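With PDB, C-alpha atoms inside, this is coords_5.pdb:
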```
ATOM      1  CA  MET A   1      -6.497  -5.888 -12.831
ATOM      2  CA  SER A   2      -8.557  -3.751 -10.461
ATOM      3  CA  ARG A   3      -7.159  -1.110  -8.098
ATOM      4  CA  TYR A   4      -8.752  -0.184  -4.792
ATOM      5  CA  PHE A   5      -7.863   2.457  -2.184
ATOM      6  CA  THR A   6      -8.308   2.926   1.570
ATOM      7  CA  GLU A   7      -8.947   6.139   3.499
ATOM      8  CA  ASP A   8      -5.440   5.660   4.940
ATOM      9  CA  HIS A   9      -4.037   6.040   1.380
ATOM     10  CA  GLU A  10      -3.008   2.432   0.752
ATOM     11  CA  TRP A  11      -3.819   0.892  -2.610
ATOM     12  CA  VAL A  12      -4.202  -2.717  -3.656
ATOM     13  CA  ASP A  13      -4.073  -4.002  -7.208
ATOM     14  CA  VAL A  14      -6.024  -7.238  -7.443
ATOM     15  CA  ASP A  15      -5.229  -9.871 -10.053
ATOM     16  CA  GLY A  16      -7.272 -12.990  -9.331
ATOM     17  CA  GLU A  17      -6.627 -13.775  -5.669
ATOM     18  CA  ILE A  18      -3.308 -11.914  -5.446
ATOM     19  CA  GLY A  19      -3.100  -8.325  -4.236
ATOM     20  CA  THR A  20      -0.148  -5.972  -4.634
ATOM     21  CA  VAL A  21      -0.123  -3.281  -1.928
ATOM     22  CA  GLY A  22       1.474   0.150  -1.767
ATOM     23  CA  ILE A  23       0.778   3.736  -0.760
ATOM     24  CA  SER A  24      -0.756   6.381  -2.982
ATOM     25  CA  ASP A  25       0.986   9.268  -4.662
ATOM     26  CA  TYR A  26      -0.890  11.548  -2.256
ATOM     27  CA  ALA A  27       0.534   9.672   0.747
ATOM     28  CA  GLN A  28       4.138   9.757  -0.459
ATOM     29  CA  GLY A  29       3.751  13.477  -1.149
ATOM     30  CA  GLN A  30       2.596  14.046   2.442
ATOM     31  CA  LEU A  31       5.506  12.003   3.822
ATOM     32  CA  GLY A  32       8.262  13.710   1.841
ATOM     33  CA  ASP A  33      11.559  12.019   1.009
ATOM     34  CA  ILE A  34      11.367   8.331   1.976
ATOM     35  CA  VAL A  35      14.572   7.085   3.629
ATOM     36  CA  PHE A  36      13.575   3.622   4.927
ATOM     37  CA  VAL A  37      10.885   1.013   4.322
ATOM     38  CA  ASP A  38      10.261  -2.107   6.413
ATOM     39  CA  VAL A  39       8.061  -4.589   4.523
ATOM     40  CA  PRO A  40       6.377  -7.668   6.018
ATOM     41  CA  GLU A  41       8.033 -11.068   5.798
ATOM     42  CA  GLU A  42       6.869 -13.781   3.437
ATOM     43  CA  GLY A  43       4.319 -16.040   5.115
ATOM     44  CA  LYS A  44       3.076 -13.409   7.587
ATOM     45  CA  SER A  45      -0.672 -13.593   8.097
ATOM     46  CA  LEU A  46      -2.446 -10.220   8.049
ATOM     47  CA  THR A  47      -5.984  -9.189   8.863
ATOM     48  CA  LYS A  48      -7.517  -6.190   7.126
ATOM     49  CA  GLY A  49      -6.385  -3.079   9.009
ATOM     50  CA  ASP A  50      -3.308  -4.705  10.579
ATOM     51  CA  GLU A  51      -0.034  -2.798  10.632
ATOM     52  CA  ALA A  52       1.830  -4.402   7.744
ATOM     53  CA  ALA A  53       4.816  -2.181   6.998
ATOM     54  CA  VAL A  54       6.634   0.911   8.218
ATOM     55  CA  VAL A  55       7.790   3.777   6.053
ATOM     56  CA  GLU A  56      10.159   6.451   7.350
ATOM     57  CA  SER A  57      10.725   9.803   5.735
ATOM     58  CA  VAL A  58      12.800  12.820   6.641
ATOM     59  CA  LYS A  59       9.593  14.167   8.268
ATOM     60  CA  ALA A  60       8.135  11.182  10.143
ATOM     61  CA  ALA A  61       7.631   7.444  10.465
ATOM     62  CA  SER A  62       4.271   6.043   9.421
ATOM     63  CA  ASP A  63       2.577   2.678   9.548
ATOM     64  CA  VAL A  64       1.189   1.096   6.409
ATOM     65  CA  TYR A  65      -1.949  -0.955   7.014
ATOM     66  CA  SER A  66      -3.076  -3.984   5.084
ATOM     67  CA  PRO A  67      -6.153  -3.101   3.013
ATOM     68  CA  VAL A  68      -7.156  -6.784   2.882
ATOM     69  CA  SER A  69      -6.736  -9.997   4.867
ATOM     70  CA  GLY A  70      -4.450 -12.779   3.708
ATOM     71  CA  THR A  71      -0.935 -14.169   3.722
ATOM     72  CA  VAL A  72       2.093 -12.212   2.522
ATOM     73  CA  ILE A  73       3.581 -13.817  -0.591
ATOM     74  CA  GLU A  74       6.553 -11.466  -0.853
ATOM     75  CA  GLY A  75       7.865  -8.085   0.216
ATOM     76  CA  ASN A  76       9.381  -5.773  -2.380
ATOM     77  CA  PRO A  77      13.128  -6.479  -2.132
ATOM     78  CA  GLU A  78      13.989  -3.328  -4.119
ATOM     79  CA  LEU A  79      12.817  -1.043  -1.307
ATOM     80  CA  GLY A  80      15.614  -2.198   0.999
ATOM     81  CA  ASP A  81      18.217  -0.869  -1.431
ATOM     82  CA  ASP A  82      16.208   2.036  -2.827
ATOM     83  CA  PRO A  83      13.393   3.289  -0.568
ATOM     84  CA  SER A  84      13.085   6.387  -2.782
ATOM     85  CA  LEU A  85      11.152   4.192  -5.261
ATOM     86  CA  VAL A  86       8.157   4.990  -3.053
ATOM     87  CA  ASN A  87       8.619   8.669  -3.989
ATOM     88  CA  THR A  88       9.443   8.228  -7.668
ATOM     89  CA  ASP A  89       6.902   5.497  -8.508
ATOM     90  CA  PRO A  90       4.550   5.018  -5.517
ATOM     91  CA  GLU A  91       1.810   3.334  -7.516
ATOM     92  CA  GLY A  92       4.156   1.143  -9.567
ATOM     93  CA  GLU A  93       7.699  -0.053  -8.764
ATOM     94  CA  GLY A  94       7.387   1.356  -5.222
ATOM     95  CA  TRP A  95       4.904  -1.347  -4.133
ATOM     96  CA  PHE A  96       5.367  -2.757  -0.612
ATOM     97  CA  PHE A  97       4.150  -6.354  -0.617
ATOM     98  CA  LYS A  98       2.055  -8.977  -2.376
ATOM     99  CA  ILE A  99      -0.648 -10.816  -0.490
ATOM    100  CA  GLY A 100      -2.815 -13.846  -1.176
ATOM    101  CA  LEU A 101      -6.354 -12.623  -0.449
ATOM    102  CA  SER A 102      -8.325 -14.725   2.018
ATOM    103  CA  ASP A 103     -11.622 -12.821   1.538
ATOM    104  CA  VAL A 104     -12.195 -11.009  -1.762
ATOM    105  CA  GLY A 105     -15.460  -9.692  -0.302
ATOM    106  CA  GLU A 106     -13.406  -7.195   1.726
ATOM    107  CA  LEU A 107     -12.717  -5.298  -1.505
ATOM    108  CA  GLU A 108     -16.316  -4.059  -1.469
ATOM    109  CA  ASP A 109     -15.444  -1.779   1.467
ATOM    110  CA  LEU A 110     -12.644  -0.036  -0.464
ATOM    111  CA  MET A 111     -12.796   2.896  -2.888
ATOM    112  CA  ASP A 112     -12.190   2.711  -6.617
ATOM    113  CA  GLU A 113      -9.880   5.253  -8.262
ATOM    114  CA  THR A 114     -12.680   7.757  -8.966
ATOM    115  CA  ALA A 115     -13.989   7.641  -5.392
ATOM    116  CA  TYR A 116     -10.447   7.955  -3.995
ATOM    117  CA  GLU A 117      -9.691  11.018  -6.148
ATOM    118  CA  ALA A 118     -12.904  12.621  -4.854
ATOM    119  CA  PHE A 119     -11.908  11.717  -1.268
ATOM    120  CA  VAL A 120      -8.415  13.240  -1.631
ATOM    121  CA  SER A 121      -9.766  16.409  -3.256
ATOM    122  CA  LYS A 122     -11.616  17.175   0.003
ATOM    123  CA  LEU A 123      -8.516  16.873   2.214
TER     124      LEU A 123
END
```
Can I see the file as structure tokens?
Amino acid sequence: MSRYFTEDHEWVDVDGEIGTVGISDYAQGQLGDIVFVDVPEEGKSLTKGDEAAVVESVKAASDVYSPVSGTVIEGNPELGDDPSLVNTDPEGEGWFFKIGLSDVGELEDLMDETAYEAFVSKL
């Protein structure tokens, strides 16, 4: 499985033609305590860069953008009951949605983990 990051701090784990999307540890740290997450519905078609989800913290509400184009396979049902999963495990159990990739070539525009760490270190 390969993980890619955007400059907006979303990540996507790619396994074949399925991507699992969430926000980075850096992003959840900037947001603070997460109190609500709205994930996209199954079957929703997204284009790379589209607003896909909303995350609300005690500080602010923020949009989560789709790092790739495709069709949503499922939203993370756990986040409805426990949005704090985004704080405690942002790059694991706190994932937002799974998407069937329509263009794997879009991954070439994203950063790998090393490049993302370098990007964040300059913020």
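Near A:Thr88, within 10 Å and counting all atoms listed in the file, sit A:Asp25, A:Gln28, A:Asp33, A:Ile34, A:Gly94, not including residues fewer than 6 positions from it in the same chain.
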Generate a file of the selected residues that holds C-alpha atoms, formatted as a compact mmCIF listing (two decimals), in the frame of the given file.
```txt
# COMPACT_ATOMS: atom_id res chain seq x y z
CA ASP A 25 0.99 9.27 -4.66
CA GLN A 28 4.14 9.76 -0.46
CA ASP A 33 11.56 12.02 1.01
CA ILE A 34 11.37 8.33 1.98
CA GLY A 94 7.39 1.36 -5.22
```
* Picked residues, the PyMOL selection byres ((chain A and resi 60) around 12), expected as an MDAnalysis selection string -> chainID A and resid 28 30:36 54:59 61:63
Written selection (C-alpha atoms) as a tab-separated table (two decimals), in the frame of the given file:
```
chain	number	residue	atom	x	y	z
A	28	GLN	CA	4.14	9.76	-0.46
A	30	GLN	CA	2.60	14.05	2.44
A	31	LEU	CA	5.51	12.00	3.82
A	32	GLY	CA	8.26	13.71	1.84
A	33	ASP	CA	11.56	12.02	1.01
A	34	ILE	CA	11.37	8.33	1.98
A	35	VAL	CA	14.57	7.08	3.63
A	36	PHE	CA	13.58	3.62	4.93
A	54	VAL	CA	6.63	0.91	8.22
A	55	VAL	CA	7.79	3.78	6.05
A	56	GLU	CA	10.16	6.45	7.35
A	57	SER	CA	10.72	9.80	5.74
A	58	VAL	CA	12.80	12.82	6.64
A	59	LYS	CA	9.59	14.17	8.27
A	61	ALA	CA	7.63	7.44	10.46
A	62	SER	CA	4.27	6.04	9.42
A	63	ASP	CA	2.58	2.68	9.55
```
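Distance-wise, atom CA of A:Val68 and atom CA of A:Pro90 end up 18.6 Å apart.
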* Write out as JSON, numbers by chain the residues lying within 6 Å of A:Thr71, counting all atoms listed in the file and excluding same-chain residues fewer than 4 positions away. => {"A": [43, 44, 45, 99, 100]}
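Atom CA of A:Phe96 sits 11.3 Å away from atom CA of A:Ser24.
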* To do: Apply the PyMOL selection byres ((chain A and resi 38) around 6) to the file shown and report the selected residues as a PyMOL selection string.
  => chain A and resi 37+39+53-54
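Closest approach to A:Gly19 among A:Val64, A:Leu85, A:Val104, A:Ala52 is made by A:Val104 (distances from all atoms listed in the file).
A straight line drawn from atom CA of A:Arg3 to atom CA of A:Tyr26 is 15.3 Å long.
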